[in-house]
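Q: The following file, work19.tsv, comprises TSV, C-alpha atoms and all ligand atoms:
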```
chain	number	residue	atom	x	y	z
A	1	GLU	CA	12.39	-26.69	-21.07
A	2	GLY	CA	11.06	-24.99	-17.95
A	3	SER	CA	7.73	-23.26	-17.55
A	4	PHE	CA	7.37	-19.54	-18.16
A	5	ASP	CA	7.18	-18.97	-14.42
A	6	GLU	CA	10.70	-20.29	-13.98
A	7	GLU	CA	12.04	-18.25	-16.84
A	8	CYS	CA	10.25	-14.98	-16.20
A	9	ASP	CA	12.42	-12.24	-14.74
A	10	TYR	CA	9.74	-10.05	-13.18
A	11	LEU	CA	6.17	-10.37	-11.99
A	12	PHE	CA	4.31	-7.06	-11.98
A	13	LYS	CA	0.92	-6.65	-10.36
A	14	ALA	CA	-1.28	-3.81	-11.61
A	15	VAL	CA	-4.90	-2.88	-10.96
A	16	LEU	CA	-7.78	-1.41	-12.92
A	17	ILE	CA	-9.84	1.22	-11.12
A	18	GLY	CA	-12.61	3.64	-12.01
A	19	ASP	CA	-16.40	3.82	-11.93
A	20	SER	CA	-18.64	1.01	-13.03
A	21	ALA	CA	-19.16	0.54	-16.80
A	22	VAL	CA	-16.30	2.78	-17.93
A	23	GLY	CA	-14.85	-0.21	-19.78
A	24	LYS	CA	-12.25	-1.65	-17.39
A	25	SER	CA	-13.10	-5.28	-18.07
A	26	ASN	CA	-13.13	-4.74	-21.82
A	27	LEU	CA	-9.79	-2.94	-21.75
A	28	LEU	CA	-8.36	-5.93	-19.91
A	29	SER	CA	-9.90	-8.55	-22.19
A	30	ARG	CA	-8.66	-6.59	-25.18
A	31	PHE	CA	-5.15	-6.42	-23.77
A	32	ALA	CA	-5.00	-10.01	-22.47
A	33	ARG	CA	-7.01	-11.90	-25.10
A	34	ASP	CA	-7.82	-9.37	-27.84
A	35	GLU	CA	-11.53	-9.69	-27.08
A	36	PHE	CA	-14.31	-7.14	-26.78
A	37	CYS	CA	-17.86	-7.71	-25.54
A	38	LEU	CA	-20.71	-5.35	-26.41
A	39	GLU	CA	-23.00	-6.60	-23.65
A	40	SER	CA	-22.28	-5.27	-20.22
A	41	LYS	CA	-21.34	-8.02	-17.81
A	42	PRO	CA	-20.63	-6.24	-14.55
A	43	THR	CA	-19.63	-9.31	-12.60
A	44	ILE	CA	-17.60	-11.56	-14.84
A	45	GLY	CA	-16.03	-13.15	-11.80
A	46	VAL	CA	-12.54	-13.11	-13.23
A	47	GLU	CA	-10.16	-11.60	-10.73
A	48	PHE	CA	-7.17	-11.08	-12.92
A	49	ALA	CA	-5.55	-11.82	-16.25
A	50	TYR	CA	-1.94	-12.30	-17.27
A	51	ARG	CA	0.06	-11.20	-20.21
A	52	ASN	CA	3.70	-11.89	-20.86
A	53	ILE	CA	5.79	-9.05	-22.21
A	54	ARG	CA	9.36	-8.84	-23.34
A	55	ILE	CA	11.37	-5.71	-22.62
A	56	GLY	CA	14.86	-6.03	-24.05
A	57	ASP	CA	16.14	-9.41	-22.90
A	58	LYS	CA	13.81	-9.55	-19.88
A	59	LEU	CA	10.58	-11.46	-19.65
A	60	ILE	CA	7.86	-9.79	-17.65
A	61	LYS	CA	4.68	-11.40	-16.46
A	62	ALA	CA	2.04	-8.70	-16.00
A	63	GLN	CA	-0.75	-9.69	-13.66
A	64	ILE	CA	-3.63	-7.25	-14.09
A	65	TRP	CA	-6.42	-7.25	-11.53
A	66	ASP	CA	-9.99	-6.38	-12.41
A	67	THR	CA	-12.60	-5.34	-9.85
A	68	ALA	CA	-15.16	-8.03	-10.80
A	69	GLY	CA	-17.89	-5.47	-10.18
A	70	GLN	CA	-17.02	-4.51	-6.60
A	71	GLU	CA	-16.60	-0.85	-7.57
A	72	ARG	CA	-20.40	-0.64	-7.82
A	73	PHE	CA	-20.64	-1.15	-4.09
A	74	ARG	CA	-17.55	0.89	-3.22
A	75	ALA	CA	-16.19	-2.31	-1.77
A	76	ILE	CA	-12.70	-2.25	-3.21
A	77	THR	CA	-10.52	-3.20	-0.31
A	78	SER	CA	-6.89	-2.70	0.55
A	79	SER	CA	-6.10	-6.27	-0.52
A	80	TYR	CA	-6.95	-5.31	-4.10
A	81	TYR	CA	-4.20	-2.70	-4.04
A	82	ARG	CA	-1.69	-4.74	-2.03
A	83	GLY	CA	1.55	-5.19	-3.94
A	84	ALA	CA	0.25	-3.30	-6.97
A	85	MET	CA	3.00	-1.43	-8.78
A	86	GLY	CA	0.74	0.19	-11.33
A	87	ALA	CA	-2.83	1.27	-11.96
A	88	LEU	CA	-4.93	2.18	-14.94
A	89	LEU	CA	-7.37	4.81	-13.69
A	90	VAL	CA	-10.23	4.71	-16.16
A	91	TYR	CA	-13.10	7.10	-16.90
A	92	ASP	CA	-15.67	7.16	-19.68
A	93	THR	CA	-15.30	10.09	-22.10
A	94	THR	CA	-19.08	9.98	-22.69
A	95	ARG	CA	-20.04	10.31	-19.00
A	96	ARG	CA	-18.89	13.43	-17.17
A	97	SER	CA	-19.74	11.88	-13.78
A	98	THR	CA	-17.04	9.23	-14.25
A	99	PHE	CA	-14.49	12.03	-14.76
A	100	GLU	CA	-15.72	13.85	-11.63
A	101	SER	CA	-15.25	10.61	-9.68
A	102	LEU	CA	-11.53	10.60	-10.42
A	103	ARG	CA	-10.88	12.76	-7.38
A	104	LYS	CA	-12.33	10.03	-5.18
A	105	TRP	CA	-10.33	7.33	-6.96
A	106	LEU	CA	-7.10	9.30	-6.63
A	107	ARG	CA	-7.74	9.71	-2.92
A	108	GLU	CA	-8.28	5.97	-2.58
A	109	LEU	CA	-5.12	5.27	-4.59
A	110	ARG	CA	-3.11	7.44	-2.24
A	111	GLU	CA	-4.65	5.80	0.79
A	112	PHE	CA	-4.24	2.18	-0.27
A	113	GLY	CA	-1.63	2.20	-3.01
A	114	SER	CA	2.12	2.29	-2.66
A	115	ARG	CA	3.81	5.67	-2.83
A	116	GLU	CA	5.68	5.04	-6.06
A	117	MET	CA	2.79	3.40	-7.90
A	118	VAL	CA	2.72	4.16	-11.64
A	119	VAL	CA	-0.70	5.55	-12.58
A	120	VAL	CA	-1.93	5.96	-16.14
A	121	LEU	CA	-5.11	7.97	-16.60
A	122	VAL	CA	-7.28	6.49	-19.33
A	123	GLY	CA	-10.24	8.17	-21.04
A	124	ASN	CA	-12.05	5.24	-22.66
A	125	LYS	CA	-14.75	5.01	-25.39
A	126	SER	CA	-13.03	7.53	-27.66
A	127	ASP	CA	-14.90	5.91	-30.56
A	128	LEU	CA	-18.19	7.49	-29.35
A	129	THR	CA	-17.29	10.94	-30.65
A	130	HIS	CA	-20.92	12.13	-30.97
A	131	SER	CA	-21.67	11.58	-27.27
A	132	ARG	CA	-18.45	12.91	-25.82
A	133	GLU	CA	-18.82	14.77	-22.49
A	134	VAL	CA	-15.16	15.06	-21.50
A	135	SER	CA	-12.75	16.80	-23.84
A	136	LEU	CA	-9.27	15.57	-24.60
A	137	GLU	CA	-7.96	18.80	-23.02
A	138	ASP	CA	-9.78	18.09	-19.74
A	139	GLY	CA	-8.08	14.72	-19.52
A	140	GLN	CA	-4.71	16.21	-20.39
A	141	SER	CA	-5.00	19.00	-17.81
A	142	LEU	CA	-5.94	16.65	-14.99
A	143	ALA	CA	-3.09	14.32	-15.90
A	144	GLN	CA	-0.66	17.22	-15.87
A	145	LEU	CA	-1.99	18.51	-12.56
A	146	GLU	CA	-1.76	15.08	-10.90
A	147	ASP	CA	1.48	14.11	-12.66
A	148	LEU	CA	0.01	11.07	-14.41
A	149	SER	CA	0.49	9.58	-17.84
A	150	PHE	CA	-2.59	9.99	-19.99
A	151	MET	CA	-4.19	8.35	-22.96
A	152	GLU	CA	-7.59	8.18	-24.61
A	153	THR	CA	-8.54	4.67	-25.66
A	154	SER	CA	-11.23	2.65	-27.35
A	155	ALA	CA	-11.50	-0.93	-26.17
A	156	LYS	CA	-14.12	-1.39	-28.86
A	157	GLU	CA	-12.02	-0.22	-31.79
A	158	ASN	CA	-8.77	-1.35	-30.19
A	159	VAL	CA	-7.23	2.12	-30.15
A	160	ASN	CA	-4.35	2.83	-27.73
A	161	VAL	CA	-5.24	-0.10	-25.47
A	162	GLU	CA	-1.91	-1.82	-25.96
A	163	ASP	CA	-0.13	1.54	-25.58
A	164	ALA	CA	-1.83	2.35	-22.26
A	165	PHE	CA	-0.90	-0.97	-20.65
A	166	LEU	CA	2.59	-1.03	-22.14
A	167	GLN	CA	3.30	2.51	-21.02
A	168	MET	CA	2.41	1.51	-17.46
A	169	ILE	CA	4.44	-1.70	-17.63
A	170	ASN	CA	7.47	0.08	-19.12
A	171	LYS	CA	7.37	2.69	-16.37
A	172	ILE	CA	7.16	0.02	-13.68
A	173	TYR	CA	10.12	-1.70	-15.33
A	174	ASP	CA	12.13	1.54	-15.33
A	175	LEU	CA	11.47	1.97	-11.60
A	176	THR	CA	12.26	-1.64	-10.81
A	177	SER	CA	15.40	-2.36	-12.81
B	201	LIG	P1	-16.46	-2.00	-16.38
B	201	LIG	O1	-17.68	-2.05	-15.52
B	201	LIG	O2	-15.65	-0.78	-16.10
B	201	LIG	O3	-15.66	-3.26	-16.32
B	201	LIG	O4	-16.98	-1.82	-17.90
B	201	LIG	P2	-17.19	-2.93	-19.03
B	201	LIG	O5	-15.89	-3.36	-19.60
B	201	LIG	O6	-18.08	-4.00	-18.50
B	201	LIG	O7	-17.95	-2.07	-20.15
B	201	LIG	C1	-19.18	-1.44	-19.89
B	201	LIG	C2	-19.93	-1.23	-21.20
B	201	LIG	O8	-19.22	-0.32	-22.02
B	201	LIG	C3	-20.10	-2.51	-22.04
B	201	LIG	O9	-21.36	-2.48	-22.63
B	201	LIG	C4	-19.01	-2.40	-23.08
B	201	LIG	O10	-19.35	-3.07	-24.27
B	201	LIG	C5	-18.93	-0.90	-23.28
B	201	LIG	N1	-17.59	-0.44	-23.69
B	201	LIG	C6	-16.41	-0.71	-23.07
B	201	LIG	N2	-15.39	-0.12	-23.71
B	201	LIG	C7	-15.93	0.54	-24.76
B	201	LIG	C8	-15.38	1.35	-25.82
B	201	LIG	O11	-14.17	1.60	-25.93
B	201	LIG	N3	-16.28	1.87	-26.72
B	201	LIG	C9	-17.62	1.62	-26.65
B	201	LIG	N4	-18.39	2.16	-27.59
B	201	LIG	N5	-18.15	0.87	-25.67
B	201	LIG	C10	-17.32	0.34	-24.74
B	202	MG	MG	-15.95	-4.86	-15.04
```
Do you think you could lay out the structure here as structure tokens?
Ligand code: GDP
Ligand code: MG
A:
Amino acid sequence: EGSFDEECDYLFKAVLIGDSAVGKSNLLSRFARDEFCLESKPTIGVEFAYRNIRIGDKLIKAQIWDTAGQERFRAITSSYYRGAMGALLVYDTTRRSTFESLRKWLRELREFGSREMVVVLVGNKSDLTHSREVSLEDGQSLAQLEDLSFMETSAKENVNVEDAFLQMINKIYDLTS
């Protein structure tokens, strides 16, 4: 029996972007390992995680890159985006400033990312309903305006996390196959 690498049909690279502390690392750990961490660990040092996904009879290896804290210093470089076919663009529904930053992130995506990159807009921390600063409608309108998929998630409560990643991966697959 061969290794998964030999059997896998596609390798997709995708990136996580968005302001610091919006929950990117926790979305990834939830998706890749079903883990959530309440303490903020801005520099976990992990550069990426893998998850294997089956679509029909195809095996897909999704390689998801995390910023490892570089976004705090605006030091995300073109190599981070190189070869990326998808991005989860994340903001924090409880911090308006992270929503206002999306304009900057979209500009960077267009500068460094490939033209046909699949982008899913993600409003995270939907569990914190009492401290919400960005409405669901605001997220929806921006997504519509920028022609992005959109989802609100909670990495903490494990709501829509799987859906957000799988929607991106399915769209990449549709473009690739
Ligand atoms: P990153 O800097 O974007 O990677 O953000 P982190 O994943 O490190 O998360 C920043 C903080 O937000 C941590 O304290 C997390 O526990 C917390 N956090 C992340 N996702 C959620 C969520 O969905 N709900 C709540 N309540 N807290 C979250
Ligand atoms: Mg992080």
Q: Which residues of chain A have any atom within 10 Å of an atom in ligand LIG 201 (chain B) when counting all atoms listed in the file, and what is the closest pair of atoms for each, with the distance in Å to one decimal? Order the rows by chain and rising number and write it as CSV.
A:
```
residue,atom,partner,partner_atom,distance
A:Leu16,CA,B:LIG201,O2,8.5
A:Ile17,CA,B:LIG201,O2,7.9
A:Gly18,CA,B:LIG201,O2,6.7
A:Asp19,CA,B:LIG201,O2,6.3
A:Ser20,CA,B:LIG201,O1,4.1
A:Ala21,CA,B:LIG201,O1,3.2
A:Val22,CA,B:LIG201,O2,4.1
A:Gly23,CA,B:LIG201,O4,3.3
A:Lys24,CA,B:LIG201,O2,3.7
A:Ser25,CA,B:LIG201,O3,3.7
A:Asn26,CA,B:LIG201,O5,3.8
A:Leu27,CA,B:LIG201,O5,6.5
A:Leu28,CA,B:LIG201,O5,8.0
A:Ser29,CA,B:LIG201,O5,8.3
A:Arg30,CA,B:LIG201,N2,9.5
A:Phe36,CA,B:LIG201,O10,6.9
A:Cys37,CA,B:LIG201,O10,5.0
A:Leu38,CA,B:LIG201,O10,3.4
A:Glu39,CA,B:LIG201,O9,4.6
A:Ser40,CA,B:LIG201,O9,3.8
A:Lys41,CA,B:LIG201,O6,5.2
A:Pro42,CA,B:LIG201,O6,5.2
A:Thr43,CA,B:LIG201,O1,8.1
A:Ile44,CA,B:LIG201,O6,8.4
A:Asp66,CA,B:LIG201,O3,7.6
A:Thr67,CA,B:LIG201,O3,7.5
A:Ala68,CA,B:LIG201,O3,7.3
A:Gly69,CA,B:LIG201,O1,6.3
A:Gln70,CA,B:LIG201,O1,9.3
A:Glu71,CA,B:LIG201,O1,8.1
A:Arg72,CA,B:LIG201,O1,8.3
A:Val90,CA,B:LIG201,O2,7.7
A:Tyr91,CA,B:LIG201,O2,8.3
A:Asp92,CA,B:LIG201,N2,8.3
A:Thr93,CA,B:LIG201,O11,9.4
A:Thr94,CA,B:LIG201,N4,9.3
A:Gly123,CA,B:LIG201,O11,9.1
A:Asn124,CA,B:LIG201,O11,5.3
A:Lys125,CA,B:LIG201,O11,3.5
A:Ser126,CA,B:LIG201,O11,6.3
A:Asp127,CA,B:LIG201,N3,5.7
A:Leu128,CA,B:LIG201,N4,5.6
A:Thr129,CA,B:LIG201,N4,9.4
A:Ser131,CA,B:LIG201,N4,10.0
A:Glu152,CA,B:LIG201,O11,9.4
A:Thr153,CA,B:LIG201,O11,6.4
A:Ser154,CA,B:LIG201,O11,3.4
A:Ala155,CA,B:LIG201,O11,3.7
A:Lys156,CA,B:LIG201,O11,4.2
A:Glu157,CA,B:LIG201,O11,6.5
A:Asn158,CA,B:LIG201,O11,7.5
A:Val159,CA,B:LIG201,O11,8.1
A:Val161,CA,B:LIG201,O11,9.1
```
Q: What is the distance between CA of Lys171 in chain A and CA of Arg95 in chain A, in Å to one decimal?
A: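 Separation of CA of Lys171 in chain A and CA of Arg95 in chain A: 28.6 Å.
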Q: Neighbouring residues of Gly56 in chain A were defined as those with any atom within 12 Å, considering only C-alpha atoms; residues of the same chain fewer than 4 positions away were excluded. Please report them as a list in words.
A: Asp9, Ile60, Asn170, Tyr173, Asp174 and Ser177 of chain A
Q: As an exercise, work out the distance from CA of Thr98 in chain A to CA of Glu111 in chain A in Å and give it to one decimal place.
A: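 Between CA of Thr98 in chain A and CA of Glu111 in chain A the gap is 19.8 Å.
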Q: Excluding Ala87 in chain A and residues on its chain fewer than 6 positions from it, collect all residues at most 10 Å away from it, counting only C-alpha atoms, and give them as a ChimeraX atom specification.
A: /A:13-17,64-65,81,109,113,117-121,165,168-169
Q: Could you please determine the separation between CA of Glu146 in chain A and CA of Arg103 in chain A in Å, to one decimal place?
A: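 Going from CA of Glu146 in chain A over to CA of Arg103 in chain A covers 10.0 Å.
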Q: Choose the residue, out of A:Trp105, A:Ile172, A:Tyr10, A:Glu47, that has the smallest atom-to-atom separation from ligand MG 202 (chain B); count all atoms listed in the file.
A: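 Looking at the shortest contact to ligand MG 202 (chain B), the residue is A:Glu47.
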Q: Using all atoms listed in the file, which of the listed residues (A:Thr176, A:Gln63, A:Gln140, A:Gln167) sits closest to Tyr50 in chain A?
A: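 Between A:Thr176, A:Gln63, A:Gln140, A:Gln167, the residue approaching Tyr50 in chain A most closely is A:Gln63.
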Q: Identify which of the residues A:Arg96, A:Arg115, A:Arg51, A:Arg82 lies closest to Val134 in chain A, counting all atoms listed in the file when measuring atom-to-atom distances.
A: A:Arg96
Q: Considering only C-alpha atoms and all ligand atoms, can you say which of A:Gly86, A:Phe48, A:Ile55, A:Asp147 comes closest to ligand MG 202 (chain B)?
A: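 Smallest distance to ligand MG 202 (chain B) is found for A:Phe48.
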Q: Would you mind telling me which residue in A:Ala164, A:Cys8, A:Leu59, A:Leu142 lies nearest to Leu88 in chain A when using all atoms listed in the file?
A: A:Ala164
Q: Tell me which of A:Leu89, A:Gln144, A:Ala62, A:Ala75 sits closest to Leu106 in chain A, counting only C-alpha atoms.
A: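 When distances to Leu106 in chain A are compared using only C-alpha atoms, the smallest one comes from A:Leu89.
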Q: Output, as AutoDock Vina command-line options, the centre and edge lengths in Å (one decimal) of the axis-aligned box that contains all listed atoms of range 169-173 of chain A with 6 Å of margin on each side.
A:
```
--center_x 7.3 --center_y 0.5 --center_z -16.4 --size_x 17.7 --size_y 16.4 --size_z 17.4
```
